[in-house]
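Asker: My structure is stored as final-v6.cif, with mmCIF, C-alpha atoms and all ligand atoms.
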```cif
data_data
#
loop_
_atom_site.label_atom_id
_atom_site.label_comp_id
_atom_site.auth_asym_id
_atom_site.auth_seq_id
_atom_site.Cartn_x
_atom_site.Cartn_y
_atom_site.Cartn_z
CA MET A 24 39.19 60.23 -68.06
CA THR A 25 38.70 57.15 -66.02
CA HIS A 26 37.73 58.13 -62.54
CA ASN A 27 34.28 57.60 -61.14
CA ILE A 28 32.54 60.33 -59.26
CA GLN A 29 30.67 59.43 -56.12
CA LYS A 30 27.19 60.86 -56.02
CA ASP A 31 27.59 62.21 -52.47
CA ALA A 32 30.86 63.98 -53.27
CA LEU A 33 29.28 65.49 -56.38
CA LEU A 34 26.23 66.73 -54.50
CA ALA A 35 28.39 68.23 -51.76
CA VAL A 36 30.51 70.14 -54.27
CA MET A 37 27.45 71.31 -56.21
CA ASN A 38 25.90 72.62 -52.99
CA GLN A 39 29.13 74.46 -52.17
CA ALA A 40 29.16 76.02 -55.64
CA HIS A 41 25.54 77.10 -55.29
CA ASP A 42 26.18 78.66 -51.85
CA ARG A 43 29.34 80.43 -53.02
CA PHE A 44 27.92 82.05 -56.12
CA LYS A 45 24.19 82.48 -55.52
CA ALA A 46 24.60 86.10 -54.33
CA ASP A 47 26.93 87.03 -57.22
CA THR A 48 25.49 90.01 -59.08
CA GLY A 49 27.88 90.05 -62.05
CA GLY A 50 26.60 90.21 -65.63
CA ARG A 51 23.30 91.19 -67.22
CA ASN A 52 20.47 89.29 -68.88
CA ALA A 53 20.62 89.28 -72.68
CA ASP A 54 18.41 92.12 -73.90
CA TYR A 55 18.81 91.99 -77.69
CA ILE A 56 16.07 89.35 -77.55
CA PRO A 57 13.40 91.22 -75.54
CA PHE A 58 11.93 88.10 -73.87
CA LEU A 59 15.26 87.20 -72.27
CA ALA A 60 15.60 90.59 -70.58
CA ASN A 61 12.58 89.78 -68.41
CA VAL A 62 13.60 86.36 -67.10
CA PRO A 63 14.16 86.63 -63.29
CA SER A 64 17.89 87.27 -62.92
CA GLN A 65 18.34 85.54 -59.58
CA LEU A 66 17.42 82.06 -60.89
CA PHE A 67 20.33 79.67 -60.41
CA GLY A 68 20.44 75.92 -60.84
CA ILE A 69 23.08 73.23 -61.22
CA ALA A 70 22.45 69.61 -62.30
CA ALA A 71 24.60 66.63 -63.18
CA CYS A 72 24.00 63.21 -64.69
CA LEU A 73 26.03 60.15 -63.76
CA PRO A 74 26.61 56.99 -65.85
CA ASP A 75 24.00 55.05 -63.86
CA GLY A 76 21.33 57.60 -64.83
CA GLU A 77 21.28 59.25 -61.42
CA VAL A 78 20.59 62.98 -61.74
CA VAL A 79 21.84 65.24 -58.97
CA ALA A 80 20.26 68.71 -58.81
CA VAL A 81 20.66 71.87 -56.73
CA GLY A 82 18.65 75.13 -56.96
CA ASP A 83 16.35 76.13 -59.82
CA THR A 84 16.81 73.04 -61.98
CA ASP A 85 13.17 72.67 -63.07
CA TYR A 86 12.73 76.19 -64.45
CA ARG A 87 12.26 76.19 -68.25
CA PHE A 88 14.52 78.70 -69.91
CA GLY A 89 15.50 79.34 -73.54
CA ILE A 90 18.01 76.74 -74.71
CA GLU A 91 19.39 79.24 -77.26
CA SER A 92 22.86 78.38 -78.54
CA VAL A 93 23.11 75.16 -76.57
CA SER A 94 20.70 73.85 -79.24
CA LYS A 95 23.55 74.11 -81.74
CA VAL A 96 25.06 71.00 -80.12
CA PRO A 97 22.19 68.54 -80.76
CA THR A 98 21.69 69.79 -84.32
CA ALA A 99 25.39 69.37 -85.04
CA ILE A 100 25.26 65.80 -83.72
CA LEU A 101 22.12 65.07 -85.74
CA ALA A 102 23.77 66.37 -88.92
CA MET A 103 26.78 64.10 -88.23
CA GLU A 104 24.44 61.20 -87.48
CA GLN A 105 22.45 61.72 -90.70
CA TYR A 106 25.46 62.31 -92.94
CA SER A 107 28.84 61.62 -91.32
CA ALA A 108 31.33 63.56 -89.22
CA GLY A 109 33.50 63.97 -92.33
CA GLU A 110 30.65 65.40 -94.38
CA VAL A 111 29.86 67.97 -91.67
CA LEU A 112 33.54 68.86 -91.54
CA ASP A 113 33.54 69.39 -95.30
CA ARG A 114 30.29 71.30 -95.56
CA ILE A 115 30.48 73.39 -92.39
CA GLY A 116 33.87 72.91 -90.74
CA ALA A 117 35.29 72.81 -87.24
CA ASP A 118 37.30 76.00 -86.87
CA ALA A 119 36.80 78.64 -84.22
CA THR A 120 36.18 82.08 -85.67
CA GLY A 121 37.59 83.97 -82.68
CA LEU A 122 34.73 86.40 -83.24
CA PRO A 123 31.30 86.84 -81.62
CA PHE A 124 28.71 84.10 -82.21
CA ASN A 125 26.67 86.20 -84.64
CA SER A 126 29.58 87.70 -86.56
CA ILE A 127 28.98 88.60 -90.19
CA MET A 128 32.61 89.68 -90.45
CA ALA A 129 33.65 86.05 -89.80
CA ILE A 130 31.68 84.91 -92.84
CA LEU A 131 33.05 87.68 -95.04
CA LEU A 132 36.62 86.97 -93.95
CA GLU A 133 36.37 83.23 -94.34
CA ASN A 134 33.91 82.90 -97.20
CA ASP A 135 35.86 80.11 -98.83
CA HIS A 136 36.77 78.53 -95.54
CA PRO A 137 34.61 76.40 -93.28
CA SER A 138 33.39 77.64 -89.91
CA THR A 139 31.78 75.52 -87.16
CA PRO A 140 28.23 74.36 -86.41
CA LEU A 141 28.50 75.98 -82.96
CA VAL A 142 28.30 79.61 -84.14
CA ASN A 143 25.17 81.11 -85.71
CA ALA A 144 26.37 80.79 -89.31
CA GLY A 145 27.37 77.13 -88.97
CA ALA A 146 24.23 76.34 -86.97
CA ILE A 147 21.94 77.81 -89.65
CA SER A 148 23.95 75.81 -92.16
CA ALA A 149 23.49 72.65 -90.02
CA CYS A 150 19.72 73.28 -89.89
CA SER A 151 19.76 73.50 -93.68
CA MET A 152 21.45 70.08 -93.86
CA ILE A 153 18.95 68.25 -91.63
CA LYS A 154 17.02 65.61 -93.55
CA PRO A 155 14.52 65.39 -95.11
CA THR A 156 15.59 68.54 -96.93
CA GLY A 157 12.76 70.57 -98.41
CA ASP A 158 10.26 69.60 -95.71
CA ALA A 159 10.23 72.07 -92.81
CA ASP A 160 7.78 70.11 -90.64
CA LYS A 161 9.68 66.84 -90.93
CA LYS A 162 13.01 68.55 -90.38
CA TRP A 163 11.62 70.21 -87.25
CA LYS A 164 10.32 66.87 -86.00
CA ALA A 165 13.73 65.29 -86.61
CA ILE A 166 15.39 68.05 -84.56
CA THR A 167 12.93 67.92 -81.64
CA ASP A 168 12.78 64.11 -81.57
CA PHE A 169 16.55 64.08 -81.38
CA ILE A 170 16.67 66.63 -78.55
CA GLU A 171 14.01 64.65 -76.66
CA GLY A 172 16.05 61.48 -77.13
CA LEU A 173 19.11 63.22 -75.73
CA CYS A 174 17.36 64.55 -72.65
CA GLY A 175 14.88 61.70 -72.23
CA SER A 176 11.78 63.90 -71.95
CA LYS A 177 9.53 66.22 -73.94
CA VAL A 178 10.55 69.71 -74.94
CA GLU A 179 8.44 72.54 -76.30
CA VAL A 180 9.07 75.90 -77.88
CA ILE A 181 8.45 78.89 -75.58
CA ASP A 182 6.06 80.68 -77.96
CA GLU A 183 6.69 84.14 -76.58
CA LEU A 184 10.45 83.64 -76.94
CA TYR A 185 10.08 82.36 -80.50
CA LYS A 186 8.01 85.41 -81.41
CA SER A 187 10.46 87.71 -79.70
CA GLU A 188 13.41 86.16 -81.59
CA SER A 189 11.59 86.03 -84.93
CA ASP A 190 10.64 89.70 -84.65
CA THR A 191 14.23 90.77 -84.05
CA ASN A 192 16.52 88.32 -85.89
CA PHE A 193 17.61 90.64 -88.70
CA ASN A 194 21.29 89.89 -88.16
CA ASN A 195 20.68 86.15 -88.44
CA ARG A 196 18.61 86.73 -91.59
CA SER A 197 21.61 88.49 -93.12
CA ILE A 198 23.78 85.54 -92.12
CA ALA A 199 21.44 83.04 -93.78
CA TRP A 200 21.46 84.95 -97.09
CA LEU A 201 25.17 85.61 -96.99
CA LEU A 202 25.72 81.88 -96.52
CA LYS A 203 23.46 81.25 -99.48
CA ASN A 204 25.66 83.60 -101.48
CA TYR A 205 28.71 81.48 -100.60
CA ASN A 206 26.93 78.15 -101.29
CA ARG A 207 27.09 77.19 -97.65
CA ILE A 208 23.36 76.74 -97.13
CA TYR A 209 21.86 73.45 -98.27
CA ASP A 210 18.11 74.11 -98.21
CA ASP A 211 15.84 77.12 -98.40
CA PRO A 212 17.59 79.96 -96.48
CA GLU A 213 14.43 81.39 -94.86
CA MET A 214 13.30 77.93 -93.79
CA SER A 215 16.74 77.12 -92.38
CA LEU A 216 16.76 80.42 -90.49
CA ASP A 217 13.30 79.70 -89.07
CA LEU A 218 14.33 76.22 -87.92
CA TYR A 219 17.37 77.71 -86.22
CA THR A 220 15.25 80.41 -84.54
CA ARG A 221 12.72 77.83 -83.39
CA GLN A 222 15.33 75.49 -81.98
CA CYS A 223 16.87 78.39 -80.03
CA SER A 224 13.42 79.10 -78.55
CA ILE A 225 12.98 75.64 -77.08
CA GLY A 226 12.39 75.69 -73.32
CA ILE A 227 14.69 73.41 -71.37
CA THR A 228 15.52 72.85 -67.70
CA ALA A 229 18.98 72.50 -66.19
CA ARG A 230 17.99 68.94 -65.29
CA GLN A 231 17.19 68.13 -68.94
CA LEU A 232 20.39 69.81 -70.07
CA ALA A 233 22.41 67.69 -67.62
CA ILE A 234 20.87 64.52 -69.05
CA MET A 235 21.63 65.73 -72.58
CA ALA A 236 25.23 66.33 -71.46
CA GLY A 237 25.26 62.87 -69.88
CA THR A 238 24.04 61.22 -73.09
CA ILE A 239 26.81 62.98 -75.00
CA SER A 240 29.40 62.08 -72.35
CA PHE A 241 28.38 58.43 -72.36
CA GLY A 242 28.76 57.89 -76.10
CA GLY A 243 25.18 58.60 -77.17
CA MET A 244 23.62 56.24 -74.63
CA ASN A 245 21.01 58.11 -72.57
CA PRO A 246 21.64 56.75 -69.08
CA THR A 247 18.11 57.64 -67.91
CA THR A 248 16.26 55.80 -70.70
CA GLY A 249 18.86 53.20 -71.71
CA LYS A 250 18.43 54.21 -75.36
CA GLN A 251 21.30 54.65 -77.81
CA VAL A 252 20.50 58.06 -79.32
CA PHE A 253 23.49 58.48 -81.64
CA LYS A 254 26.60 56.57 -82.73
CA SER A 255 29.17 56.52 -79.95
CA HIS A 256 32.08 57.53 -82.19
CA LEU A 257 30.47 60.99 -82.52
CA THR A 258 31.11 61.91 -78.86
CA PRO A 259 34.76 62.91 -79.40
CA HIS A 260 33.76 64.92 -82.48
CA ILE A 261 31.10 66.94 -80.70
CA ALA A 262 33.22 67.30 -77.55
CA SER A 263 36.05 68.71 -79.68
CA LEU A 264 33.69 71.21 -81.31
CA MET A 265 32.47 72.30 -77.88
CA ALA A 266 36.05 72.58 -76.62
CA THR A 267 37.02 74.67 -79.66
CA VAL A 268 34.24 77.24 -79.71
CA GLY A 269 31.69 76.60 -76.92
CA PHE A 270 32.17 80.07 -75.38
CA TYR A 271 32.85 81.94 -78.64
CA GLU A 272 35.67 84.47 -78.31
CA ASN A 273 36.17 83.47 -74.65
CA THR A 274 36.58 79.77 -75.35
CA GLY A 275 40.34 79.72 -74.90
CA ASP A 276 40.12 81.27 -71.43
CA TRP A 277 37.41 78.82 -70.44
CA LEU A 278 39.26 75.75 -71.66
CA PHE A 279 42.55 76.92 -70.20
CA THR A 280 41.01 77.25 -66.74
CA THR A 281 38.62 74.28 -66.70
CA GLY A 282 39.62 71.73 -69.32
CA VAL A 283 35.91 70.93 -69.74
CA PRO A 284 34.28 71.01 -73.21
CA ALA A 285 31.12 73.04 -72.72
CA LYS A 286 28.54 75.08 -74.63
CA SER A 287 26.75 78.20 -73.50
CA GLY A 288 23.54 79.90 -74.57
CA VAL A 289 22.30 83.47 -74.10
CA GLY A 290 19.33 82.09 -72.11
CA GLY A 291 21.88 81.55 -69.31
CA GLY A 292 22.42 77.82 -69.70
CA ILE A 293 25.76 76.03 -69.97
CA MET A 294 26.19 72.33 -70.70
CA GLY A 295 29.50 70.61 -69.98
CA VAL A 296 30.62 67.14 -71.06
CA VAL A 297 33.34 65.11 -69.42
CA PRO A 298 33.37 62.01 -71.62
CA GLY A 299 32.91 58.80 -69.71
CA VAL A 300 32.58 60.59 -66.37
CA VAL A 301 29.69 63.03 -66.04
CA GLY A 302 27.35 65.38 -67.88
CA ILE A 303 26.81 68.65 -66.10
CA ALA A 304 24.72 71.79 -66.59
CA ALA A 305 24.19 75.12 -64.88
CA PHE A 306 21.73 77.94 -65.45
CA ALA A 307 21.66 81.59 -64.38
CA PRO A 308 20.47 84.38 -66.74
CA PRO A 309 23.03 87.22 -66.27
CA LEU A 310 25.74 87.05 -68.97
CA ASP A 311 29.22 88.42 -69.53
CA LYS A 312 30.07 90.47 -72.64
CA ALA A 313 30.62 87.39 -74.82
CA GLY A 314 27.13 86.09 -73.94
CA ASN A 315 28.10 83.41 -71.40
CA SER A 316 26.34 83.04 -68.02
CA VAL A 317 28.50 84.53 -65.27
CA LYS A 318 27.26 82.39 -62.37
CA ALA A 319 26.99 79.19 -64.40
CA GLN A 320 30.62 79.61 -65.49
CA LYS A 321 31.74 80.21 -61.91
CA ALA A 322 29.81 77.22 -60.61
CA LEU A 323 31.09 74.84 -63.28
CA LYS A 324 34.67 76.09 -62.90
CA TYR A 325 34.51 75.45 -59.16
CA ILE A 326 32.97 72.00 -59.55
CA ALA A 327 35.46 71.00 -62.26
CA ALA A 328 38.41 72.00 -60.08
CA GLN A 329 37.07 70.28 -56.97
CA LEU A 330 36.27 67.04 -58.77
CA GLY A 331 39.30 66.94 -61.08
CA LEU A 332 37.31 67.07 -64.32
CA ASN A 333 39.99 68.58 -66.58
CA ILE A 334 40.10 66.25 -69.58
CA PHE A 335 43.66 67.31 -70.43
CA ALA A 336 45.16 66.54 -67.03
CA PRO A 337 47.28 63.43 -66.52
CA ALA A 338 45.48 60.84 -64.42
CA GLU A 339 47.40 61.70 -61.25
CA THR A 340 46.26 65.31 -61.17
CA THR A 341 42.66 64.46 -61.93
CA VAL A 342 42.21 62.71 -58.57
CA PRO A 343 39.20 64.56 -57.24
CA LYS A 344 40.03 66.98 -54.42
CA ALA A 345 36.61 66.25 -52.98
CA ALA A 346 37.38 62.53 -52.90
CA LYS A 347 40.65 63.16 -51.09
CA ALA A 348 39.11 65.50 -48.51
N1 LIG A 401 19.17 82.75 -80.72
C1 LIG A 401 20.36 83.45 -80.34
C2 LIG A 401 20.94 84.17 -81.54
O1 LIG A 401 20.87 83.65 -82.63
C3 LIG A 401 21.34 82.46 -79.76
C4 LIG A 401 22.68 83.09 -79.42
C5 LIG A 401 23.40 82.42 -78.28
O2 LIG A 401 22.83 81.75 -77.43
N2 LIG A 401 24.69 82.70 -78.19
O3 LIG A 401 21.45 85.25 -81.41
#
```
Rewrite the structure of this file - the entire thing - as structure tokens.
Ligand code: GLN

Answerer:
Amino acid sequence: MTHNIQKDALLAVMNQAHDRFKADTGGRNADYIPFLANVPSQLFGIAACLPDGEVVAVGDTDYRFGIESVSKVPTAILAMEQYSAGEVLDRIGADATGLPFNSIMAILLENDHPSTPLVNAGAISACSMIKPTGDADKKWKAITDFIEGLCGSKVEVIDELYKSESDTNFNNRSIAWLLKNYNRIYDDPEMSLDLYTRQCSIGITARQLAIMAGTISFGGMNPTTGKQVFKSHLTPHIASLMATVGFYENTGDWLFTTGVPAKSGVGGGIMGVVPGVVGIAAFAPPLDKAGNSVKAQKALKYIAAQLGLNIFAPAETTVPKAAKA
């Protein structure tokens, strides 16, 4: 991707997306984590981060919601940063399971075969890899420092969400121990599970998520702080993981229609990366059956089409419609 997006064109398209989809009533809040069921369903925000550090925002972009599975992205990058992309490929893998994000069946079926850090099993495994192993507090600090570096501001756990997840995460506990059984967990299983649960309970805004997406898109350089947060050669690795499995069993449909590597979370957030061009995020709590925000998907799909963000399109067809209009 080479084209530059003009801030005004971006803002105009984001406003159109917000107007078009704000009254959409499709989907339902996640309710298997009780806290998420009570988040106001009408919240809707879209934010984007440009290479010069400019952040463009429309709607509820300062509301702190549960980052949930979007947190799998920073931890995967951190594991690659601390070890290497190859080591993460060996120890966890990069293959889509084609099954729901919390599938135990996927682990049973592929017990001798790697998965991906962007589903629950691989994410718990990634948490187990984070250094320094054996020290929960220092591992947690490494994870939160890294997330703060990516989004350029402080983040905190939403305590009520953390409690709600911890009280109900029996399926994830089974995953952690099953992974242990297959030698795919590299630290204490309960500690790794707790780190994963805590990172999912971090509160984040759409604005922060857009900056995180921007930092990933711009090769690890946070355009709002000017700091190099991770090695630039990791951007294509993480973008490929997002493209492969970012929407779980619906990832193929998403990629086919948008061509934008993105990652969703059951808190209603979606983060999209268009390497070298823009980082973009949207948030709206109601989800489809696979656990992906309905309105955030619609908004990002619309914006991607209008601005020509499909990373697979030949240069000619990526000329932004909005720029031509
Ligand atoms: N914490 C949630 C879980 O483990 C995250 C799932 C998600 O966002 N897809 O079930």

Asker: What's the 12 Å shell around Phe44 (chain A), counting all atoms listed in the file, without same-chain residues fewer than 4 positions away, as a list in words?

Answerer: Met37, Asn38, Gln39, Ala40, Thr48, Gly49, Gln65, Leu66, Phe67, Gly68, Ile69, Gly82, Ala305, Phe306, Ala307, Val317, Lys318, Ala319, Gln320, Lys321, Ala322, Leu323, Lys324, Tyr325 and Ile326 of chain A

Asker: Neighbouring residues of Asp135 (chain A) were defined as those with any atom within 12 Å, considering all atoms listed in the file; residues of the same chain fewer than 6 positions away were excluded. Please report them as a list in words.

Answerer: Asp113, Arg114, Ile115, Gly116, Ala129, Leu202, Asn204, Tyr205, Asn206 and Arg207 of chain A

Asker: Sort by chain and increasing residue number a table of all residues of region 223-305 of chain A within 10 Å of region 86-99 of chain A, each with its closest pair of atoms and their distance in Å to one decimal, counting all atoms listed in the file, and write it as a tab-separated table.

Answerer:
```
residue	atom	partner	partner_atom	distance
A:Cys223	CA	A:Glu91	CA	3.8
A:Ser224	CA	A:Gly89	CA	5.4
A:Ile225	CA	A:Ile90	CA	5.7
A:Gly226	CA	A:Gly89	CA	4.8
A:Ile227	CA	A:Arg87	CA	4.8
A:Thr228	CA	A:Arg87	CA	4.7
A:Ala229	CA	A:Tyr86	CA	7.5
A:Arg230	CA	A:Tyr86	CA	9.0
A:Gln231	CA	A:Arg87	CA	9.5
A:Leu232	CA	A:Ile90	CA	8.7
A:Met235	CA	A:Pro97	CA	8.7
A:Ala236	CA	A:Val96	CA	9.8
A:Ile239	CA	A:Pro97	CA	9.2
A:His260	CA	A:Ala99	CA	9.8
A:Ile261	CA	A:Val96	CA	7.3
A:Ala262	CA	A:Val96	CA	9.3
A:Leu264	CA	A:Val96	CA	8.7
A:Met265	CA	A:Val96	CA	7.8
A:Gly269	CA	A:Val93	CA	8.7
A:Phe270	CA	A:Ser92	CA	10.0
A:Ala285	CA	A:Val93	CA	9.1
A:Lys286	CA	A:Val93	CA	5.8
A:Ser287	CA	A:Val93	CA	5.6
A:Gly288	CA	A:Ser92	CA	4.3
A:Val289	CA	A:Glu91	CA	6.0
A:Gly290	CA	A:Gly89	CA	4.9
A:Gly291	CA	A:Phe88	CA	7.9
A:Gly292	CA	A:Ile90	CA	6.8
A:Ile293	CA	A:Val93	CA	7.2
A:Met294	CA	A:Val93	CA	7.2
```

Asker: Smallest atom-to-atom distance to Thr156 (chain A): which of A:Val180, A:Glu104, A:Ala117, A:Tyr209, using only C-alpha atoms?

Answerer: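 Comparing A:Val180, A:Glu104, A:Ala117, A:Tyr209 against Thr156 (chain A), the winner is A:Tyr209.
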
Asker: Between CA of Leu330 (chain A) and CA of Glu77 (chain A), what distance in Å does the model show, to one decimal?

Answerer: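 Taking CA of Leu330 (chain A) and CA of Glu77 (chain A), their separation equals 17.1 Å.
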
Asker: Pick from A:Val81, A:Val268, A:Ala159, A:Leu201: nearest to ligand LIG 401 (chain A), with only C-alpha atoms and all ligand atoms counted?

Answerer: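 Nearest candidate to ligand LIG 401 (chain A) out of A:Val81, A:Val268, A:Ala159, A:Leu201: A:Val268.
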
Asker: Provide region 230-240 of chain A rebuilt to all heavy atoms, formatted as a short mmCIF file (atom, residue, chain, number, x, y, z; two decimals), in the frame of the given file.

Answerer:
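The result, written out as rebuild-v8.cif:
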```cif
data_model
loop_
_atom_site.label_atom_id
_atom_site.label_comp_id
_atom_site.auth_asym_id
_atom_site.auth_seq_id
_atom_site.Cartn_x
_atom_site.Cartn_y
_atom_site.Cartn_z
N ARG A 230 18.02 70.41 -65.46
CA ARG A 230 17.99 68.94 -65.29
C ARG A 230 18.02 68.25 -66.66
O ARG A 230 18.79 67.31 -66.88
CB ARG A 230 16.71 68.58 -64.53
CG ARG A 230 16.56 67.13 -64.18
CD ARG A 230 15.21 66.92 -63.51
NE ARG A 230 15.15 67.51 -62.18
CZ ARG A 230 15.50 66.88 -61.06
NH1 ARG A 230 15.92 65.63 -61.11
NH2 ARG A 230 15.42 67.48 -59.89
N GLN A 231 17.20 68.73 -67.59
CA GLN A 231 17.19 68.13 -68.94
C GLN A 231 18.54 68.33 -69.64
O GLN A 231 19.02 67.43 -70.33
CB GLN A 231 16.09 68.78 -69.80
CG GLN A 231 14.68 68.34 -69.43
CD GLN A 231 13.63 69.06 -70.26
OE1 GLN A 231 13.62 70.29 -70.31
NE2 GLN A 231 12.76 68.32 -70.92
N LEU A 232 19.11 69.51 -69.43
CA LEU A 232 20.39 69.81 -70.07
C LEU A 232 21.50 68.90 -69.52
O LEU A 232 22.39 68.46 -70.26
CB LEU A 232 20.74 71.27 -69.81
CG LEU A 232 21.33 72.09 -70.95
CD1 LEU A 232 20.62 71.91 -72.26
CD2 LEU A 232 21.35 73.57 -70.56
N ALA A 233 21.41 68.59 -68.22
CA ALA A 233 22.41 67.69 -67.62
C ALA A 233 22.29 66.29 -68.22
O ALA A 233 23.29 65.62 -68.48
CB ALA A 233 22.24 67.65 -66.10
N ILE A 234 21.06 65.86 -68.47
CA ILE A 234 20.87 64.52 -69.05
C ILE A 234 21.37 64.51 -70.50
O ILE A 234 22.02 63.55 -70.94
CB ILE A 234 19.39 64.07 -68.95
CG1 ILE A 234 18.99 63.95 -67.47
CG2 ILE A 234 19.16 62.75 -69.67
CD1 ILE A 234 17.51 63.75 -67.21
N MET A 235 21.09 65.62 -71.22
CA MET A 235 21.63 65.73 -72.58
C MET A 235 23.16 65.64 -72.54
O MET A 235 23.78 64.90 -73.34
CB MET A 235 21.21 67.06 -73.21
CG MET A 235 21.65 67.22 -74.64
SD MET A 235 21.29 68.85 -75.35
CE MET A 235 19.53 68.86 -75.38
N ALA A 236 23.76 66.36 -71.60
CA ALA A 236 25.23 66.33 -71.46
C ALA A 236 25.69 64.91 -71.12
O ALA A 236 26.72 64.44 -71.63
CB ALA A 236 25.68 67.31 -70.38
N GLY A 237 24.92 64.24 -70.26
CA GLY A 237 25.26 62.87 -69.88
C GLY A 237 25.21 61.95 -71.10
O GLY A 237 26.13 61.17 -71.34
N THR A 238 24.17 62.07 -71.89
CA THR A 238 24.04 61.22 -73.09
C THR A 238 25.23 61.43 -74.02
O THR A 238 25.76 60.48 -74.59
CB THR A 238 22.70 61.54 -73.81
OG1 THR A 238 21.64 61.40 -72.87
CG2 THR A 238 22.47 60.61 -74.99
N ILE A 239 25.64 62.69 -74.15
CA ILE A 239 26.81 62.98 -75.00
C ILE A 239 28.07 62.39 -74.35
O ILE A 239 28.88 61.74 -75.02
CB ILE A 239 26.95 64.50 -75.23
CG1 ILE A 239 25.74 65.02 -76.01
CG2 ILE A 239 28.25 64.82 -75.98
CD1 ILE A 239 25.62 66.53 -76.07
N SER A 240 28.20 62.58 -73.05
CA SER A 240 29.40 62.08 -72.35
C SER A 240 29.51 60.56 -72.42
O SER A 240 30.61 60.02 -72.45
CB SER A 240 29.38 62.49 -70.88
OG SER A 240 29.34 63.89 -70.76
#
```
